[in-house]
Each structure stands twice: as C-alpha cells, then as structure tokens.
Amino acid sequence: MAFSFYSLLLLTLFVAFVTLPTEAAVKSYQFDIVVKNVSRLCHAKPIVTVNGRFPGPTIYAREGDRVIINVTNYAQYNMSIHWHGLKQFRNGWIDGPAYITQCPIQTGASYTYDFNVTDQRGTLWWHAHILWLRATVHGAIVIMPKEGVSYPFPQPNGEAELVLGEWWHTDVEAIEKQGNMLGLPPNMSDAHTINGKPGPLFPCSEKHTYALEVESGKTYLLRLVNAALNDELFFAVAGHNLTVVEIDGVYCKPFATNAILVAPGQTTNVLVTADRSPGRYFMAARPFNDAAIPVDNKTATAILQYKGIPNTVLPIFPQLPTSNDTTFASNFHDKLRSLNSPQFPANVPLNVDRHLFYTIGLGVNPCTTCLNGTRLTASLNNITFVMPKIGLLQAHYFNIKGVFRLDFPDKPSTAFNYTGAPLTANLGTSLGTRLSKIAFNSTVELVLQDTNLLAAESHPFHLHGYNFFVVGRGIGNFDPAKDPAKFNLVDPPERNTVGVPAGGWTAIRFKANNPGVWFMHCHLELHTTWGLKMAFVVENGNGPEESILPPPKDLPPC
Ligand code: C2O
C-alpha cells in the first residue's frame, strides 16, 4: 500500500514538473503577397510586397516560441519565403529557398511556415527566396530572449529596426531578365533605402525619410539588417559612436566604432546613446566596394532626431569610410569576437572530420542568344550550379533519382595560383546540380578561396540550416601548412553569413548536427543568379530524433 502510494506521488510530481514550464507561446502571422503601388523618389510604381508594405512586417517572437506564418500568394510570380538565420532543426521543409527545400507557392495558393524558435535570439530577417523578388519582399525578425532573461549588455531605453535596402526605379524582375538576356550585369540600382526610404539627399524625397526620435541621455538598440541585393554597406550615425553587441543573431564581445560594415544577408545590433547636443543627426548607409566593378554608390539617409528639435534644423552628416576602404573593412572584421560567456559559450569544433576547400570564380561561358555571344557566370570549384525543377529536399527524402548528383568535389580538380596575376579566362566551368554529402554530427571545416578569375571581389557567403564559426581569414592564397596555426578557436565570431575578402580566403567550421538539404550561396543576388551556389546533404543520424521530420501536408506541389 505504502509503496504504491509513494509511486503515485512521485509520478504526479514528475508529471507536474515536466508539463508546467513548457507551454511555448504561438505567434501567428498572415502574409499576403500582393502587388502594390508605392511611391518613392518621385516614382510611383507597383512592387511585390507582403501585406502592401515595404519593407514588410517585422516578426516578433521569443526564444522558445512557435511561429506560424501563413503565406497566400496573390501576385503573378511564384513565391517562397526564407527565414534567414533560423536553423530549422530537422525541419528544412519550411526553410524556403525555391527548388532547394520546396517548390514555390503558385499564384492563388497558400503555404503555412510552421516552426519553433529553439536556442536562438536576436535580429534575423525573412525574404523571398526566388528570382530577385527579395528586393521588395523582406522584413526583420526580432527574437527576444526568454521571459525573465535579459540581454548580456545594459538594457536599452528603446529599440528600432533599420532595414537597409536597394531600390530600382523599374520592375526588378525586368532588370533581372535584362541581365540574363544580355549575359551581362543588369542596370545597377537607383538608390539605397533605410526602412524603405532613401532620405532627403534624393530629389523629392523629403517625405520619404525615416526619422527615429530619441531622448537626451538615453540608449537605444538599433537592429540593422542588410536586405540589399548586391551591395555591402557601411553605416554610421553622425557624431555618435556605435557599440556592436550582436551579429547575425549571436551576441558578441561589445566594441565601440564610428561605423559598421554589413554585407547582404548579415544583421548587426548596435547600441547608440543620445549623448550629443540635442539636434538632428543623419544616419547614413553607402556601399563598400573594393573591386574594379561599378556599383550604385548613392547614400541613403535617415535621421536621429532629439526630442523637441524642430524639423527645420539642418542635420549633421556622418563620416563614412570611403567606398574602397579595405583597411576599415578588415579591421572591422578583426574586432568581431563571440561573447563566449558561460551562458553563451562558443562551442567551436576543435577537431575536423571533413576538410573542404572551395574556390570562388567568376567567368565567361558561351551563350548564343546573348549580346556578345557570351554570358557571365560564377562557380564554386569551377562548377556552376544548375537549379533543379523539383525541390532537392523532396528528391533526397523520397529518394527520387536523377534530380541531383552527390559528387560535389571537396577541392578544385586543379590547384593553381588562385590570387595571382589576373586570369582572364576561366578554367572551363562545368554545369551541374551537384551536392556534397556530409555525415551526421561530423565537424566540417570549409575554406572559401576567392580567385582572380575575371575579377577578385568580396563575396558574402550564407549557409542555411546552421551557424558557423569564422575561425580565420586572410588575403592571398590559403596556406594549409601555416594558416591553421593562426586560427581563432577560442572566441571566433559565430554567424550565418560571412564575407570572403576580395583576393583572399575565409575559413569556417560547423558541426553537421542538422540533417537535411542546406543551401549555401553568395548573398549577392547577381552572383547567385550566375551560379555561385551549391547545397549540402546532411545525412540522418540514429533514430527519429536525429532524422528529417516528415514533410507538412500543404507542402507546395511542383
Ligand atoms: Cu538570405 Cu539563401 O538566403
């Protein structure tokens, strides 16, 4: 009698313990993809938007929440949405890149992205992941720490999202098509924007200026997202220092700087204190470009406005690094360090199971329909990725043959002086849908090596499904004998998108603990279009807990 009474009591206590604290909140959103006329820079034009807004709505959640976003597509373009930086453990079905993890949502159809936010907090973002539609279909994701958990830096008095964008006066899809037909880069953008607005430096855009009101002496957290298609951007606030506290949704060791550099795909959180004489101060964004390739170098501005200051006061302009300031860029990268605190440790893989070395090349392939009979192209290990017609994750999960090959090479077939004298011809790009197979839980080191094929240029690389540690970076050719000794294996920055410097290399490490098919690509949309992309197939581990989840019922058909 006594024994079973105790058992019952223990069982009751145990059940109470496991069920009480686990109820996560559910955050639901409806995204309507609609074409809407917006007016910017004296141009009224229809753009593809979410809910008619540019940028689209911010998604707010807390670590541990379940987020449900129903997307209904009323536009003429097929659509898919990617939740950039969310790891989507075992759940690639809702990752979003079209033809990689899903077929697109067709006009008139809906798809529900249903996912849990696990062990992540900070600023991330969402964007269309098909064609160039992310130019206008994007927005911020703000993940607050769990209830009762504070930031590892002083609590700010206020917060604001600053989404940096790139604007074309004409339809972005027409621009992309023009490029594909010519085989050349299409027209560069006409403006940059901050929260959808170019600022008063552009004609007739006074009313298209974003202003953030601040109170003297208070501190604000600015959550910056670079949603531009093709431009890395410097950002600064006139007269005010910025303290960087987080990159790509991972806390970092705080450091003060007068400007930041943020590449397409990346996010950066900074603290700014309104400690200057009350006035109006420009916040400005302008491209970093150290390649011999022209870019839209127009400056976008917004205003940091102290409370009570009239709009007639002329704002002060910040000092931004010059557009080719490579020294600033590399010093800025060198300052980035993981927080690596007991609460937020940097679990850097110390031993490597799999060494990968990928060269990044631009090149020219024959094209009979193109203007010059050639088409600009891009490749990894001389392979230009060809988009499949059905989702790669489906092909992998359902074992559909003939969609992709699993023979992406771990290193280039021929070694050469990657960053030597300008190489005008490529080494013969081969076309293919070739993926690389990674064993579950193996530790991977990937060295991305820029080359001088056609032009050396910096490339922000993004890996889906993972964060990685940026253990090393250098200019010239990676030296496997000497460079690893200089790796930072203690507190390297952890992120989801990293710049490979022009004519240099970047080494990243990650543990392949998320089974699925995960896209990796340059986040300059121009280069992605040219084929600078590939995908990893991370195998299942043991048992259902380490395997890909079954697909949702409403997964869009191809
Ligand atoms: Cu933000 Cu595959 O992209």
# chains A, B, ... in the order shown; residues from 1 in each chain; ligands from 1
$ residues_around --residues "region 451-467 of chain A" --least-positions-apart "4" --cutoff "8 Å" --atoms "only C-alpha atoms" --output "PDB file with C-alpha atoms, in the first residue's frame"
ATOM      1  CA  HIS A  84      17.259  33.800 -42.877  1.00  0.00           C
ATOM      2  CA  GLY A  85      19.361  32.605 -39.936  1.00  0.00           C
ATOM      3  CA  LEU A  86      16.743  30.371 -38.316  1.00  0.00           C
ATOM      4  CA  LYS A  87      18.282  26.923 -38.054  1.00  0.00           C
ATOM      5  CA  GLN A  88      15.050  24.953 -38.543  1.00  0.00           C
ATOM      6  CA  PHE A  89      16.360  21.830 -36.842  1.00  0.00           C
ATOM      7  CA  GLY A  92      14.119  22.051 -43.826  1.00  0.00           C
ATOM      8  CA  ASP A  95      13.422  26.849 -44.834  1.00  0.00           C
ATOM      9  CA  ALA A 263      27.004  42.615 -46.051  1.00  0.00           C
ATOM     10  CA  PRO A 264      23.813  41.443 -47.767  1.00  0.00           C
ATOM     11  CA  GLY A 265      22.307  38.758 -45.546  1.00  0.00           C
ATOM     12  CA  ASP A 290      36.922  47.411 -53.348  1.00  0.00           C
ATOM     13  CA  ALA A 291      36.560  45.621 -56.677  1.00  0.00           C
ATOM     14  CA  ALA A 292      37.087  47.287 -60.039  1.00  0.00           C
ATOM     15  CA  THR A 359      37.312  28.249 -54.940  1.00  0.00           C
ATOM     16  CA  ILE A 360      35.057  31.119 -55.928  1.00  0.00           C
ATOM     17  CA  GLY A 361      35.323  32.035 -59.588  1.00  0.00           C
ATOM     18  CA  LEU A 362      33.706  34.426 -61.981  1.00  0.00           C
ATOM     19  CA  GLY A 363      33.898  33.539 -65.644  1.00  0.00           C
ATOM     20  CA  TYR A 418      44.260  31.402 -57.134  1.00  0.00           C
ATOM     21  CA  THR A 419      45.015  35.036 -56.475  1.00  0.00           C
ATOM     22  CA  GLY A 420      47.949  35.516 -58.819  1.00  0.00           C
ATOM     23  CA  ALA A 421      48.073  37.791 -61.833  1.00  0.00           C
ATOM     24  CA  PRO A 422      44.619  38.494 -63.251  1.00  0.00           C
ATOM     25  CA  LEU A 423      43.377  35.406 -65.028  1.00  0.00           C
ATOM     26  CA  THR A 424      41.163  36.400 -67.892  1.00  0.00           C
ATOM     27  CA  ALA A 425      39.791  33.016 -68.893  1.00  0.00           C
ATOM     28  CA  ASN A 426      38.103  30.624 -66.545  1.00  0.00           C
ATOM     29  CA  GLU A 494      29.612  32.924 -34.924  1.00  0.00           C
ATOM     30  CA  ARG A 495      27.282  33.842 -37.766  1.00  0.00           C
ATOM     31  CA  ASN A 496      25.286  32.646 -40.764  1.00  0.00           C
ATOM     32  CA  THR A 497      26.761  34.895 -43.474  1.00  0.00           C
ATOM     33  CA  VAL A 498      30.417  35.787 -43.852  1.00  0.00           C
ATOM     34  CA  GLY A 499      32.414  37.882 -46.274  1.00  0.00           C
ATOM     35  CA  VAL A 500      35.213  36.275 -48.237  1.00  0.00           C
ATOM     36  CA  PRO A 501      37.625  39.165 -48.840  1.00  0.00           C
ATOM     37  CA  ALA A 502      38.465  40.141 -52.428  1.00  0.00           C
ATOM     38  CA  GLY A 503      41.510  38.100 -53.409  1.00  0.00           C
ATOM     39  CA  GLY A 504      41.542  36.309 -50.074  1.00  0.00           C
ATOM     40  CA  PHE A 510      30.474  23.883 -38.072  1.00  0.00           C
ATOM     41  CA  ASN A 514      21.070  19.284 -38.555  1.00  0.00           C
ATOM     42  CA  TRP A 518      21.001  23.002 -46.918  1.00  0.00           C
ATOM     43  CA  PHE A 519      21.712  25.651 -49.487  1.00  0.00           C
ATOM     44  CA  MET A 520      24.965  27.605 -49.478  1.00  0.00           C
ATOM     45  CA  HIS A 521      25.397  30.608 -51.730  1.00  0.00           C
ATOM     46  CA  CYS A 522      26.840  34.032 -52.237  1.00  0.00           C
ATOM     47  CA  HIS A 523      24.280  36.510 -50.902  1.00  0.00           C
ATOM     48  CA  LEU A 524      24.959  38.936 -53.748  1.00  0.00           C
TER      49      LEU A 524
END
$ residues_around --residues "region 246-257 of chain A" --least-positions-apart "5" --cutoff "6 Å" --atoms "only C-alpha atoms" --output "list in words"
Arg121, Gly122, Thr123, Leu124, Asn241, Gln266, Thr267, Thr268, Asn269, Arg337, Ser338, Leu339 and Arg495 of chain A
$ atom_distance --atom1 "CA of Gly531 (chain A)" --atom2 "CA of Arg375 (chain A)"
11.6 Å
$ residues_around --residues "Lys511 (chain A)" --least-positions-apart "5" --cutoff "6 Å" --atoms "only C-alpha atoms" --output "PyMOL selection string"
chain A and resi 441-443
$ atom_distance --atom1 "atom 1 (Cu, counted along the ligand's line) of ligand 1" --atom2 "CA of Ala284 (chain A)"
22.7 Å
$ closest_residue --among "A:Asn226, A:Gly64, A:Ala211, A:Glu173" --to "His127 (chain A)" --atoms "only C-alpha atoms"
A:Asn226
$ closest_residue --among "A:Lys218, A:His82, A:Trp168, A:Arg405" --to "ligand 1" --atoms "only C-alpha atoms and all ligand atoms"
A:His82
$ closest_residue --among "A:Phe31, A:Trp126, A:Tyr99, A:Tyr111" --to "ligand 1" --atoms "only C-alpha atoms and all ligand atoms"
A:Trp126
$ select_by_dssp --residues "region 291-502 of chain A" --states "helix (DSSP H, G or I)" --output "NGL selection string"
:A and (326-335 or 392-397 or 483-486)
$ closest_residue --among "A:Arg509, A:Lys553, A:Lys533, A:Arg66" --to "Trp93 (chain A)" --atoms "only C-alpha atoms"
A:Lys553
$ atom_distance --atom1 "CA of Val295 (chain A)" --atom2 "CA of Leu431 (chain A)"
27.8 Å
$ residues_around --residues "Asn70 (chain A)" --least-positions-apart "3" --cutoff "8 Å" --atoms "only C-alpha atoms" --output "PDB file with C-alpha atoms, in the first residue's frame"
ATOM      1  CA  SER A  28       0.691  33.737 -35.838  1.00  0.00           C
ATOM      2  CA  TYR A  29       1.043  35.913 -38.908  1.00  0.00           C
ATOM      3  CA  GLN A  30      -0.777  36.192 -42.208  1.00  0.00           C
ATOM      4  CA  PHE A  31       1.426  37.210 -45.157  1.00  0.00           C
ATOM      5  CA  SER A 110      -1.046  29.225 -49.751  1.00  0.00           C
ATOM      6  CA  TYR A 111       1.584  27.536 -47.637  1.00  0.00           C
ATOM      7  CA  THR A 112       1.992  27.643 -43.868  1.00  0.00           C
ATOM      8  CA  TYR A 113       5.503  28.013 -42.495  1.00  0.00           C
TER       9      TYR A 113
END
$ closest_residue --among "A:Thr58, A:Ala128, A:Ser430, A:Pro515" --to "Leu549 (chain A)" --atoms "only C-alpha atoms"
A:Pro515
$ residues_around --residues "Ile303 (chain A)" --least-positions-apart "2" --cutoff "8 Å" --atoms "only C-alpha atoms" --output "list of chain:residue names"
A:Thr209, A:Tyr210, A:Ala211, A:Leu212, A:Arg280, A:Tyr281, A:Phe282, A:Met283, A:Thr301, A:Gln305, A:Pro315
$ closest_residue --among "A:Leu41, A:Val517, A:Ile143, A:Leu336" --to "Gln394 (chain A)" --atoms "only C-alpha atoms"
A:Val517
$ residues_around --residues "Phe288 (chain A)" --least-positions-apart "5" --cutoff "9 Å" --atoms "only C-alpha atoms" --output "list in words"
Asp231, Glu232, Leu233, Phe234, Leu261, Ala263, Asn297, Pro321, Thr322, Ser323, Asn324, Asp325, Thr326 and Ala329 of chain A
